[in-house]
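With mmCIF, C-alpha atoms inside, this is model.cif:
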```cif
data_target
#
loop_
_atom_site.label_atom_id
_atom_site.label_comp_id
_atom_site.auth_asym_id
_atom_site.auth_seq_id
_atom_site.Cartn_x
_atom_site.Cartn_y
_atom_site.Cartn_z
CA MET P 919 -22.13 -21.93 -33.81
CA THR P 920 -18.94 -22.46 -35.79
CA PRO P 921 -17.03 -25.78 -35.68
CA PHE P 922 -14.37 -24.04 -33.63
CA GLU P 923 -16.99 -22.85 -31.12
CA GLU P 924 -18.54 -26.33 -31.01
CA CYS P 925 -15.16 -27.89 -30.27
CA SER P 926 -14.41 -25.25 -27.66
CA ALA P 927 -17.78 -25.76 -25.98
CA ALA P 928 -17.37 -29.53 -25.99
CA ALA P 929 -13.86 -29.28 -24.60
CA GLY P 930 -15.05 -26.87 -21.94
CA ALA P 931 -17.88 -29.19 -20.90
CA ALA P 932 -15.56 -32.19 -20.80
CA ASN P 933 -13.01 -30.34 -18.71
CA ALA P 934 -15.54 -28.64 -16.40
CA PRO P 935 -14.80 -30.84 -13.36
CA ALA P 936 -11.06 -30.39 -13.85
CA ASN P 937 -11.47 -26.64 -14.33
CA ALA P 938 -13.62 -26.37 -11.22
CA LYS P 939 -11.01 -28.29 -9.23
CA TRP P 940 -8.22 -26.06 -10.57
CA ILE P 941 -10.14 -22.89 -9.66
CA ALA P 942 -10.95 -24.21 -6.18
CA GLU P 943 -7.32 -25.17 -5.60
CA GLY P 944 -6.20 -21.76 -6.85
CA GLU P 945 -8.57 -20.00 -4.46
CA LEU P 946 -7.40 -22.20 -1.61
CA THR P 947 -3.77 -21.44 -2.43
CA THR P 948 -4.47 -17.70 -2.48
CA SER P 949 -6.34 -17.93 0.81
CA GLU P 950 -3.51 -19.84 2.48
CA GLN P 951 -0.96 -17.37 1.13
CA ALA P 952 -3.01 -14.46 2.47
CA LYS P 953 -3.22 -16.08 5.90
CA SER P 954 0.54 -16.56 5.91
CA ILE P 955 1.08 -12.93 4.89
CA ASN P 956 -1.28 -11.70 7.61
CA ARG P 957 0.49 -13.78 10.26
CA ARG P 958 3.86 -12.36 9.25
CA PHE P 959 2.44 -8.86 9.15
CA TRP P 960 0.92 -8.95 12.64
CA ALA P 961 3.99 -10.62 14.13
CA ALA P 962 6.11 -7.81 12.68
CA VAL P 963 3.71 -5.15 13.96
CA ARG P 964 3.84 -6.58 17.48
CA ASN P 965 7.63 -6.31 17.33
CA GLN P 966 7.45 -2.91 15.64
CA ASP P 967 9.51 -4.37 12.83
CA TRP P 968 8.15 -2.01 10.20
CA GLY P 969 10.45 -3.22 7.43
CA THR P 970 9.17 -6.79 7.69
CA ALA P 971 5.58 -5.55 8.00
CA LEU P 972 6.06 -3.46 4.87
CA SER P 973 7.43 -6.43 2.96
CA ALA P 974 4.40 -8.50 3.99
CA VAL P 975 1.80 -5.95 2.85
CA GLN P 976 3.64 -5.37 -0.42
CA GLU P 977 3.47 -9.11 -1.03
CA GLY P 978 -0.22 -9.09 -0.12
CA ALA P 979 -0.96 -6.19 -2.48
CA ALA P 980 0.82 -8.01 -5.31
CA LEU P 981 -1.11 -11.21 -4.57
CA MET P 982 -4.51 -9.48 -4.30
CA PRO P 983 -4.34 -6.05 -5.99
CA GLY P 984 -8.11 -5.61 -5.64
CA ASP P 985 -7.97 -5.87 -1.84
CA ILE P 986 -7.86 -2.34 -0.46
CA ASN P 987 -6.79 -3.46 3.00
CA TYR P 988 -3.26 -4.27 1.84
CA ARG P 989 -3.11 -0.98 -0.04
CA LEU P 990 -4.20 0.94 3.06
CA ALA P 991 -1.73 -0.89 5.27
CA HIS P 992 1.02 -0.13 2.76
CA ALA P 993 0.30 3.60 2.82
CA HIS P 994 -0.20 3.61 6.59
CA LEU P 995 3.14 1.97 7.31
CA LEU P 996 5.07 4.33 5.06
CA LEU P 997 3.34 7.54 6.12
CA HIS P 998 2.39 7.00 9.75
CA ARG P 999 4.88 4.43 11.06
CA MET P 1000 8.06 4.83 9.04
CA LYS P 1001 7.45 8.53 8.30
CA ASP P 1002 8.87 7.91 4.82
CA MET P 1003 7.29 10.76 2.89
CA ARG P 1004 9.50 10.28 -0.15
CA THR P 1005 8.17 6.76 -0.73
CA GLY P 1006 4.80 7.15 0.95
CA LEU P 1007 3.46 10.16 -0.94
CA PRO P 1008 3.57 8.47 -4.38
CA VAL P 1009 1.89 5.42 -2.83
CA MET P 1010 -0.87 7.62 -1.40
CA ARG P 1011 -1.30 9.53 -4.66
CA GLN P 1012 -1.72 6.24 -6.53
CA LEU P 1013 -4.20 5.00 -3.95
CA VAL P 1014 -6.26 8.18 -4.38
CA ARG P 1015 -6.20 7.80 -8.18
CA ASP P 1016 -7.22 4.15 -8.01
CA ALA P 1017 -10.04 4.87 -5.55
CA ILE P 1018 -11.42 7.60 -7.81
CA GLU P 1019 -11.06 5.51 -10.97
CA ARG P 1020 -12.95 2.68 -9.31
CA ASN P 1021 -15.67 5.17 -8.36
CA SER P 1022 -15.93 3.18 -5.14
CA GLU P 1023 -17.34 4.88 -2.05
CA HIS P 1024 -15.62 2.33 0.17
CA TRP P 1025 -12.20 2.87 -1.40
CA MET P 1026 -12.52 6.65 -1.35
CA LEU P 1027 -13.73 6.78 2.25
CA ALA P 1028 -10.97 4.48 3.46
CA THR P 1029 -8.37 6.54 1.61
CA LEU P 1030 -9.78 9.82 2.96
CA ASP P 1031 -9.49 8.34 6.45
CA GLN P 1032 -5.77 7.84 5.88
CA LEU P 1033 -5.51 11.56 5.17
CA PHE P 1034 -7.91 13.02 7.75
CA GLY P 1035 -8.95 10.25 10.14
CA PRO P 1036 -8.73 11.21 13.84
CA ALA P 1037 -6.84 8.00 14.64
CA HIS P 1038 -3.75 9.25 12.80
CA ASP P 1039 -1.19 11.94 13.56
CA HIS P 1040 -0.99 14.04 10.40
CA SER P 1041 1.42 16.66 11.73
CA HIS P 1042 4.33 15.33 9.65
CA PHE P 1043 2.29 15.16 6.42
CA PRO P 1044 2.84 18.09 3.99
CA SER P 1045 -0.35 20.14 4.33
CA PRO P 1046 -0.69 21.31 0.70
CA GLU P 1047 -0.44 17.73 -0.55
CA ARG P 1048 -2.82 16.36 2.06
CA PHE P 1049 -5.50 18.99 1.43
CA ALA P 1050 -5.19 18.70 -2.35
CA LEU P 1051 -5.72 14.93 -2.19
CA GLY P 1052 -8.50 15.37 0.36
CA ASN P 1053 -10.29 17.86 -1.86
CA GLU P 1054 -10.24 15.43 -4.79
CA LEU P 1055 -11.76 12.67 -2.69
CA ALA P 1056 -14.31 14.93 -0.98
CA GLU P 1057 -15.62 16.28 -4.27
CA LYS P 1058 -15.90 12.81 -5.80
CA LEU P 1059 -17.67 11.41 -2.73
CA LEU P 1060 -20.23 14.22 -2.72
CA ALA P 1061 -20.78 13.78 -6.45
CA LEU P 1062 -21.29 10.05 -5.91
CA ASN P 1063 -23.75 10.68 -3.08
CA PRO P 1064 -25.30 14.14 -3.69
CA GLN P 1065 -27.23 15.95 -0.98
CA HIS P 1066 -30.61 15.52 -2.66
CA GLY P 1067 -29.94 11.99 -3.87
CA ASP P 1068 -31.23 8.76 -2.37
CA GLY P 1069 -27.89 7.51 -1.04
CA ARG P 1070 -27.32 7.16 2.67
CA LYS P 1071 -25.43 10.12 4.08
CA PHE P 1072 -24.50 8.84 7.54
CA ARG P 1073 -21.35 7.12 6.32
CA THR P 1074 -20.02 9.41 3.61
CA TYR P 1075 -20.78 12.86 4.96
CA PRO P 1076 -19.04 12.70 8.38
CA ALA P 1077 -15.75 11.73 6.71
CA VAL P 1078 -16.06 14.55 4.17
CA ALA P 1079 -17.04 16.94 6.99
CA ARG P 1080 -13.72 16.19 8.74
CA TYR P 1081 -11.90 17.34 5.62
CA TYR P 1082 -13.88 20.60 5.47
CA HIS P 1083 -13.42 21.15 9.21
CA GLU P 1084 -9.64 20.85 8.94
CA SER P 1085 -9.55 22.99 5.81
CA GLY P 1086 -11.32 25.78 7.72
CA ASN P 1087 -14.77 25.58 6.13
CA GLN P 1088 -16.73 25.12 9.35
CA ASP P 1089 -20.11 26.00 7.84
CA ARG P 1090 -19.79 23.24 5.27
CA ALA P 1091 -18.60 20.75 7.88
CA ILE P 1092 -21.57 21.56 10.14
CA GLU P 1093 -24.00 21.31 7.23
CA LEU P 1094 -22.75 17.86 6.23
CA VAL P 1095 -22.95 16.47 9.77
CA GLU P 1096 -26.49 17.82 10.16
CA ILE P 1097 -27.49 16.14 6.89
CA ALA P 1098 -25.93 12.90 8.12
CA LEU P 1099 -27.94 13.13 11.35
CA LYS P 1100 -31.17 13.68 9.42
CA SER P 1101 -30.42 10.66 7.25
CA LEU P 1102 -30.59 8.47 10.35
CA ASP P 1103 -34.26 9.40 10.69
CA SER P 1104 -35.15 8.42 7.14
CA PRO P 1105 -37.94 5.86 6.64
CA GLU P 1106 -35.45 3.49 5.04
CA PRO P 1107 -34.93 0.43 7.28
CA MET P 1108 -31.74 0.51 9.32
CA LEU P 1109 -30.33 -1.67 12.03
CA ASP P 1110 -30.99 0.04 15.35
CA GLU P 1111 -27.60 -1.18 16.56
CA LEU P 1112 -25.90 0.66 13.70
CA LYS P 1113 -27.89 3.83 14.38
CA GLN P 1114 -26.98 3.80 18.08
CA HIS P 1115 -23.34 3.26 17.13
CA LEU P 1116 -23.30 6.24 14.76
CA LEU P 1117 -25.30 8.79 16.75
CA PRO P 1118 -22.76 9.62 19.51
CA ASN P 1119 -19.97 10.24 17.00
CA LEU P 1120 -22.16 12.48 14.84
CA VAL P 1121 -23.41 14.53 17.79
CA GLN P 1122 -19.87 14.85 19.10
CA ALA P 1123 -18.60 15.99 15.70
CA LEU P 1124 -21.36 18.59 15.50
CA ALA P 1125 -20.42 19.93 18.94
CA ASN P 1126 -16.74 20.08 17.97
CA TYR P 1127 -17.41 21.94 14.73
CA LYS P 1128 -19.86 24.39 16.32
CA GLY P 1129 -17.66 24.88 19.35
CA GLU P 1130 -20.62 24.60 21.70
CA LYS P 1131 -22.79 22.06 23.44
CA VAL P 1132 -25.37 20.47 21.15
CA CYS P 1133 -28.21 18.03 21.74
CA TYR P 1134 -29.96 15.59 19.46
CA GLY P 1135 -32.97 14.07 21.14
CA ASN P 1136 -31.81 12.88 24.54
CA LEU P 1137 -28.16 12.77 23.47
CA CYS P 1138 -25.96 15.79 24.23
CA ALA P 1139 -22.26 16.49 23.70
CA ALA P 1140 -19.83 19.26 24.60
CA PRO P 1141 -16.95 20.21 22.29
CA GLN P 1142 -13.68 18.33 22.71
CA THR P 1143 -10.30 19.82 21.96
CA ASN P 1144 -7.95 16.82 22.06
CA LEU P 1145 -9.28 14.72 19.20
CA PHE P 1146 -6.18 12.77 18.22
CA LYS P 1147 -6.41 9.12 19.24
CA PRO P 1148 -3.40 7.18 17.95
CA ASN P 1149 -4.01 3.68 16.66
CA PRO P 1150 -0.73 1.76 16.93
CA GLN P 1151 -1.83 -1.18 14.80
CA ARG P 1152 -3.29 -0.98 11.34
CA GLY P 1153 -3.46 -3.75 8.82
CA PRO P 1154 -5.65 -5.98 6.71
CA ARG P 1155 -9.15 -6.37 8.15
CA ARG P 1156 -12.58 -7.65 7.25
CA LYS P 1157 -15.22 -5.40 5.73
CA HIS P 1158 -18.27 -4.45 7.74
CA LYS P 1159 -21.58 -5.55 6.28
CA TYR P 1160 -22.49 -2.02 5.24
CA GLU P 1161 -19.22 -1.39 3.37
CA ARG P 1162 -19.13 -1.67 -0.39
#
```
Could you rewrite the structure in this file as structure tokens?
Amino acid sequence: MTPFEECSAAAGAANAPANAKWIAEGELTTSEQAKSINRRFWAAVRNQDWGTALSAVQEGAALMPGDINYRLAHAHLLLHRMKDMRTGLPVMRQLVRDAIERNSEHWMLATLDQLFGPAHDHSHFPSPERFALGNELAEKLLALNPQHGDGRKFRTYPAVARYYHESGNQDRAIELVEIALKSLDSPEPMLDELKQHLLPNLVQALANYKGEKVCYGNLCAAPQTNLFKPNPQRGPRRKHKYER
């Protein structure tokens, strides 16, 4: 160890309590700021004051750039609430790029949901742009969790199947949902509560894509035609335990 390193180590050890206090205070400050931002955001959403809500999530994204929830809320407000395609499309493109660069399943799935999730009305979104971005995400997600790999399919594949369904590739959509269903029967331990939560949606998706009644065990579903379920409020949220 050089004299410089010795001095640095000694100084670091001497200042450890102060450093720890500074870090803790910094984390507390960030947490309090985030709470304040969230309060302003939800108050604005309740009043449908989209400009104030947008300002809040932009502040949140600047404060915590690694938190995808602010990024999602930012894109959602611009695209689905304010219908500002001119500003929203570059924001969505950047979100797609960042999700892919992170190679994060959670980021890519959440971003794909903004583009193809059934809770959103996508009728105003330019189709070529939406499908091009969706294709990028779908390919990366399948590469990250290949069909014959060990990764769980029940979370990734249904979202990718929605993209293929809307793009007209029904065979691929059906195949992915069937693989997701089979993954629920794998010997890998899984919370029964989670399995029971996922099964109805998967069986319903399979019925919709096949256009006929399907059954899986004792659970049956008939195809539905009106799938759009608007979600008026969207903002920062907590991750589920199985999200990465």
- Message: Could you list, as a VMD selection string, every residue matched by the PyMOL selection byres ((chain P and resi 960-962) around 10) in this structure?
- Response: chain P and resid 955 to 959 963 to 974 1151 to 1154
Please dump the current selection as a compact mmCIF listing (two decimals), in the coordinates of the input; keep C-alpha atoms.
```txt
# COMPACT_ATOMS: atom_id res chain seq x y z
CA ILE P 955 1.08 -12.93 4.89
CA ASN P 956 -1.28 -11.70 7.61
CA ARG P 957 0.49 -13.78 10.26
CA ARG P 958 3.86 -12.36 9.25
CA PHE P 959 2.44 -8.86 9.15
CA VAL P 963 3.71 -5.15 13.96
CA ARG P 964 3.84 -6.58 17.48
CA ASN P 965 7.63 -6.31 17.33
CA GLN P 966 7.45 -2.91 15.64
CA ASP P 967 9.51 -4.37 12.83
CA TRP P 968 8.15 -2.01 10.20
CA GLY P 969 10.45 -3.22 7.43
CA THR P 970 9.17 -6.79 7.69
CA ALA P 971 5.58 -5.55 8.00
CA LEU P 972 6.06 -3.46 4.87
CA SER P 973 7.43 -6.43 2.96
CA ALA P 974 4.40 -8.50 3.99
CA GLN P 1151 -1.83 -1.18 14.80
CA ARG P 1152 -3.29 -0.98 11.34
CA GLY P 1153 -3.46 -3.75 8.82
CA PRO P 1154 -5.65 -5.98 6.71
```
- Task: Would you please work out which residue, of P:Ala1079, P:Leu1033, P:Leu990, P:Leu1027, is nearest to Ile1097 in chain P when using all atoms listed in the file?
- Result: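 That would be P:Ala1079, the residue with the smallest distance to Ile1097 in chain P.
One distance worth recording is that between CA of Ala979 in chain P and CA of Asn1063 in chain P, which is 28.4 Å.
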- Quick one: pull the distance between CA of Pro1141 in chain P and CA of Glu1111 in chain P, Å, one decimal.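 Computing it gives 24.6 Å between the two atoms.
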Where does range 1067-1124 of chain P meet range 1020-1025 of chain P within 12 Å, residue by residue, with the nearest atom pair and distance in Å to one decimal for each, counting all atoms listed in the file, listed by chain and rising number, as JSON lines?
```
{"residue": "P:Gly1069", "atom": "CA", "partner": "P:Glu1023", "partner_atom": "CA", "distance": 10.9}
{"residue": "P:Arg1070", "atom": "CA", "partner": "P:Glu1023", "partner_atom": "CA", "distance": 11.3}
{"residue": "P:Lys1071", "atom": "CA", "partner": "P:Glu1023", "partner_atom": "CA", "distance": 11.4}
{"residue": "P:Arg1073", "atom": "CA", "partner": "P:Glu1023", "partner_atom": "CA", "distance": 9.5}
{"residue": "P:Thr1074", "atom": "CA", "partner": "P:Glu1023", "partner_atom": "CA", "distance": 7.7}
{"residue": "P:Tyr1075", "atom": "CA", "partner": "P:Glu1023", "partner_atom": "CA", "distance": 11.2}
{"residue": "P:Ala1077", "atom": "CA", "partner": "P:Glu1023", "partner_atom": "CA", "distance": 11.2}
{"residue": "P:Val1078", "atom": "CA", "partner": "P:Glu1023", "partner_atom": "CA", "distance": 11.6}
```
Expected selection from the PyMOL selection byres ((chain P and resi 1017) around 12), given as a tab-separated table (two decimals) with C-alpha atoms, keeping the file's coordinate frame:
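The resulting file, selection.tsv, is shown below:
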```
chain	number	residue	atom	x	y	z
P	984	GLY	CA	-8.11	-5.61	-5.64
P	985	ASP	CA	-7.97	-5.87	-1.84
P	986	ILE	CA	-7.86	-2.34	-0.46
P	989	ARG	CA	-3.11	-0.98	-0.04
P	990	LEU	CA	-4.20	0.94	3.06
P	1010	MET	CA	-0.87	7.62	-1.40
P	1011	ARG	CA	-1.30	9.53	-4.66
P	1012	GLN	CA	-1.72	6.24	-6.53
P	1013	LEU	CA	-4.20	5.00	-3.95
P	1014	VAL	CA	-6.26	8.18	-4.38
P	1015	ARG	CA	-6.20	7.80	-8.18
P	1016	ASP	CA	-7.22	4.15	-8.01
P	1018	ILE	CA	-11.42	7.60	-7.81
P	1019	GLU	CA	-11.06	5.51	-10.97
P	1020	ARG	CA	-12.95	2.68	-9.31
P	1021	ASN	CA	-15.67	5.17	-8.36
P	1022	SER	CA	-15.93	3.18	-5.14
P	1023	GLU	CA	-17.34	4.88	-2.05
P	1024	HIS	CA	-15.62	2.33	0.17
P	1025	TRP	CA	-12.20	2.87	-1.40
P	1026	MET	CA	-12.52	6.65	-1.35
P	1027	LEU	CA	-13.73	6.78	2.25
P	1028	ALA	CA	-10.97	4.48	3.46
P	1029	THR	CA	-8.37	6.54	1.61
P	1030	LEU	CA	-9.78	9.82	2.96
P	1051	LEU	CA	-5.72	14.93	-2.19
P	1054	GLU	CA	-10.24	15.43	-4.79
P	1055	LEU	CA	-11.76	12.67	-2.69
P	1056	ALA	CA	-14.31	14.93	-0.98
P	1058	LYS	CA	-15.90	12.81	-5.80
P	1059	LEU	CA	-17.67	11.41	-2.73
```
Counting all atoms listed in the file, select every polymer residue within 6 Å of (-19.6, 27.2, 12.2) as defined in the file's coordinates, and provide the selection as a CSV table (one decimal) with C-alpha atoms, in the coordinates of the input.
```
chain,number,residue,atom,x,y,z
P,1088,GLN,CA,-16.7,25.1,9.4
P,1089,ASP,CA,-20.1,26.0,7.8
P,1128,LYS,CA,-19.9,24.4,16.3
```
Find the smallest box with edges along x, y and z containing every listed atom of range 986-1005 of chain P, then add 6 Å on each side and report centre and edge lengths in Å to one decimal, as JSON.
```
{"center_x": 0.8, "center_y": 3.2, "center_z": 5.2, "size_x": 29.4, "size_y": 27.0, "size_z": 23.8}
```
- Care to translate the PyMOL selection byres ((chain P and resi 1099) around 10) into actual residues of this file, as JSON, numbers by chain? {"P": [1071, 1072, 1075, 1076, 1093, 1094, 1095, 1096, 1097, 1098, 1100, 1101, 1102, 1103, 1104, 1113, 1116, 1117, 1120, 1121, 1124, 1134]}
- Query: Could you work out how far CA of Ser1085 in chain P lies from CA of Val1009 in chain P, giving the answer in Å with one decimal?
  - Reply: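 Those two atoms sit 22.7 Å apart.
Between Gly1052 in chain P and the residues P:Gly1086, P:His1066, P:Met1000, P:Tyr1081, the shortest atom-to-atom distance, using all atoms listed in the file, involves P:Tyr1081.
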